[in-house]
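Let me begin by presenting the structure, written as structure tokens, before commenting on it.
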Amino acid sequence: MTNATQELPRVGVRELEVQAAGIDVSRAAAIYREYGALVVRGLMQAHVPAITRDIAAAAKTAISLVGQAKQIKEGWHTPDGTLWLPAPAGFARDKQIMVLACGYMHSSAFFRSALDPQVLDLVEAILGPDIELFLNGQCLYKEPCGGHPKLLHQDASYFEHKYEGPCGILSYAVDTNVQRGALHVVPGSHKLGLLRHVDTFSHLGLDPSIWSFDKAVPIEGRAGDAIFFHVNTIHGSPENHSTEARPVFIHRYRRADDFVVINATGTENRKVAEQRIAEAKKENQLGFMVRGRRAYQVERA
Ligand SMILES: O=C(O)CCC(=O)C(=O)O
């Protein structure tokens, strides 16, 4: 891993975006391949009302459980599985929600949206015909009035893969501008390879003195807009300074034969995982198939 930089394309959101209605799937996939990021306006719109209801209910539950939070290395966990960070000054509580316990195991609306045929057509054009889900869906939740930033990072620092790695799709559950914590991406950064990450307030991140948000393109959007990003694409989002929460829901897909070789949340556990890379195997890493089929492979027997 290096922190080498190279000439990145100077593009704005206009070059990254297409409309879901009447989409040209091959053109959309070409944008993703070129820039490591693709914005599909309105792609998840039909799913938003039901998912938003489930997210609101999950947030209410999580907040009711904050008194039972148990400290872990990454912050705190409440019994529902929500991950918490220290709250900023002026908050009503000493903890704020980071990852809300609302995924495929909690919300059928969230799970159904992962199987949306138009979404899968796009993922197939990007990853090929045989696709599985990676992880169980994730809801990052920025509370109002200063809810956490997620500093710029590459997802491969958390889950480095054997092959292409996952294609992530982050969708806005609410209209989201920069003040409310819009996702920022660095177009073309997926071609830099995996860069050195450091420990930050929001876990693994790129050195913020080098990779600040002004190096990235903000993607403002409406509820239901979906942002596709490569596992090596540099991305992150600033604090939520609006008066309303900013939830997003994230799907991740990967080739059916792909698997994690390094899993980490911080530099210390990453160092340990890097020593064990040769032990990584596909077995025990099977996700639900959403397109095509999983061919039997002898080494898995
Ligand atoms: O909530 C966000 O905007 C950031 C999400 C993100 O960076 C991630 O899931 O890797």
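In the structure tokens, chains take letters A, B, ... by order of appearance, with residues numbered from 1 within each chain and ligands from 1 in the order shown.
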Contacts of Thr61 (chain A) at 10 Å (only C-alpha atoms; same-chain gap of 6+ positions) as a list in words: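 These residues fall inside the cut-off: Ile55, Thr78, Asp80, Thr82, Leu100 and Ala101 of chain A.
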Selection: 8 Å around region 276-285 of chain A, only C-alpha atoms, excl. self and same-chain fewer than 5 positions, as a ChimeraX atom specification: /A:257-262,300
Restricting it to C-alpha atoms, dump the selection as an mmCIF file, in the first residue's frame.
data_model
loop_
_atom_site.group_PDB
_atom_site.id
_atom_site.type_symbol
_atom_site.label_atom_id
_atom_site.label_comp_id
_atom_site.auth_asym_id
_atom_site.auth_seq_id
_atom_site.Cartn_x
_atom_site.Cartn_y
_atom_site.Cartn_z
ATOM 1 C CA ASP A 257 -16.594 -16.609 -6.277
ATOM 2 C CA ASP A 258 -15.154 -13.544 -4.532
ATOM 3 C CA PHE A 259 -14.254 -13.459 -0.855
ATOM 4 C CA VAL A 260 -12.682 -11.334 1.865
ATOM 5 C CA VAL A 261 -8.970 -11.834 2.420
ATOM 6 C CA ILE A 262 -8.486 -9.063 4.997
ATOM 7 C CA ARG A 300 -14.439 -25.973 -1.666
#
Among listed residues A:Arg270, A:Lys162, A:His230, A:His235, nearest ligand 1 (using only C-alpha atoms and all ligand atoms): A:His235
Using only C-alpha atoms and all ligand atoms, which residues have at least one atom no more than 6 Å from ligand 1? Output them as a compact mmCIF listing (two decimals) with N, CA and C atoms, in the first residue's frame.
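Dumped everything to result-v3.txt:
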# COMPACT_ATOMS: atom_id res chain seq x y z
N LEU A 140 -26.39 3.52 7.67
CA LEU A 140 -25.63 4.54 8.41
C LEU A 140 -26.56 5.69 8.71
N LYS A 150 -18.14 10.64 8.33
CA LYS A 150 -17.42 9.41 7.97
C LYS A 150 -16.29 9.89 7.07
N ASP A 155 -13.38 1.34 1.02
CA ASP A 155 -13.97 0.21 1.75
C ASP A 155 -13.02 -0.99 1.80
N LEU A 183 -22.96 12.24 0.62
CA LEU A 183 -21.78 11.43 0.30
C LEU A 183 -20.88 12.21 -0.66
N HIS A 235 -14.31 7.63 -0.65
CA HIS A 235 -15.61 8.26 -0.39
C HIS A 235 -15.76 8.51 1.10
N GLY A 236 -16.75 9.30 1.46
CA GLY A 236 -17.02 9.60 2.86
C GLY A 236 -18.07 10.71 2.91
N SER A 237 -18.38 11.16 4.11
CA SER A 237 -19.43 12.18 4.20
C SER A 237 -19.21 13.02 5.46
Selection near region 29-35 of chain A, 7 Å with only C-alpha atoms, sequence-local residues under 2 positions removed, as a PyMOL selection string: chain A and resi 16+25-27+37-38+122+125-126+187-188
Shell of 9 Å around Ile63 (chain A), only C-alpha atoms, local chain residues under 5 positions omitted, as a ChimeraX atom specification: /A:58,78,96-97
All strand (DSSP E or B) positions in region 35-259 of chain A, as an NGL selection string: :A and (37-41 or 70-72 or 75-77 or 83-86 or 95-100 or 131-133 or 138-142 or 147 or 150-153 or 159-161 or 167-172 or 176 or 183-185 or 195 or 197-200 or 203-206 or 217-219 or 221 or 226-230 or 235-237 or 240 or 246-255)
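Of the residues under consideration (A:Thr265, A:Gln275, A:Thr52, A:Ser242), A:Thr265 shows the shortest atom-to-atom contact distance to Ser202 (chain A) when counting only C-alpha atoms.
Candidate residues A:Asp175, A:Asp225, A:Glu220, A:Asp116 were compared for distance to Gln19 (chain A), and the nearest is A:Asp225, using only C-alpha atoms.
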Write out as an mmCIF file with C-alpha atoms, in the first residue's frame the set of residues from region 84-257 of chain A that DSSP, computed on the backbone, places in alpha helix (DSSP H).
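Produced file states08.cif, reproduced below:
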data_model
loop_
_atom_site.group_PDB
_atom_site.id
_atom_site.type_symbol
_atom_site.label_atom_id
_atom_site.label_comp_id
_atom_site.auth_asym_id
_atom_site.auth_seq_id
_atom_site.Cartn_x
_atom_site.Cartn_y
_atom_site.Cartn_z
ATOM 1 C CA SER A 108 -38.225 -6.898 4.663
ATOM 2 C CA ALA A 109 -38.534 -3.653 2.685
ATOM 3 C CA PHE A 110 -34.762 -3.203 2.863
ATOM 4 C CA PHE A 111 -34.180 -6.815 1.778
ATOM 5 C CA ARG A 112 -36.711 -6.586 -1.073
ATOM 6 C CA SER A 113 -34.976 -3.497 -2.401
ATOM 7 C CA ALA A 114 -31.745 -5.512 -2.740
ATOM 8 C CA PRO A 117 -34.593 -6.223 -11.016
ATOM 9 C CA GLN A 118 -33.429 -2.841 -12.335
ATOM 10 C CA VAL A 119 -30.784 -2.655 -9.612
ATOM 11 C CA LEU A 120 -29.610 -6.182 -10.428
ATOM 12 C CA ASP A 121 -29.465 -5.412 -14.185
ATOM 13 C CA LEU A 122 -26.997 -2.651 -13.348
ATOM 14 C CA VAL A 123 -24.975 -4.787 -10.949
ATOM 15 C CA GLU A 124 -24.824 -7.576 -13.548
ATOM 16 C CA ALA A 125 -23.498 -5.142 -16.166
ATOM 17 C CA ILE A 126 -20.782 -4.186 -13.678
ATOM 18 C CA LEU A 127 -19.853 -7.504 -12.048
#
Gap from CA of Val231 (chain A) to CA of Glu132 (chain A) - Å, one decimal: 15.4 Å
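Of the listed residues A:Val290, A:Cys139, A:Cys167, A:Ala89, the one whose atoms come nearest to Asp54 (chain A) is A:Cys139, with distances taken using only C-alpha atoms.
Considering the residues A:Gly146, A:Pro218, A:Pro208, A:Pro49 and counting only C-alpha atoms, Gly12 (chain A) has its shortest atom-to-atom contact with A:Pro218.
For Ser209 (chain A), the residues within 12 Å (counting only C-alpha atoms, excluding itself and residues fewer than 6 positions away along the chain) are Leu151, Leu152, Val198, Thr200 and Lys215 of chain A.
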Would you put the residues from that selection into a file with C-alpha atoms, as a short mmCIF file (atom, residue, chain, number, x, y, z; two decimals), in the first residue's frame?
data_model
loop_
_atom_site.label_atom_id
_atom_site.label_comp_id
_atom_site.auth_asym_id
_atom_site.auth_seq_id
_atom_site.Cartn_x
_atom_site.Cartn_y
_atom_site.Cartn_z
CA LEU A 151 -13.97 10.50 6.91
CA LEU A 152 -12.74 9.73 3.39
CA VAL A 198 -5.00 5.53 9.69
CA THR A 200 -9.78 8.17 12.86
CA LYS A 215 -10.67 16.88 -2.78
#
Selection near Ala21 (chain A), 9 Å with only C-alpha atoms, sequence-local residues under 6 positions removed, as a PyMOL selection string: chain A and resi 41-43
Residue among A:Pro247, A:Leu192, A:Gly287, A:His197 lying closest to Glu7 (chain A), counting only C-alpha atoms: A:Leu192
Between CA of Val11 (chain A) and CA of Gln138 (chain A) - distance in Å to one decimal: 28.3 Å
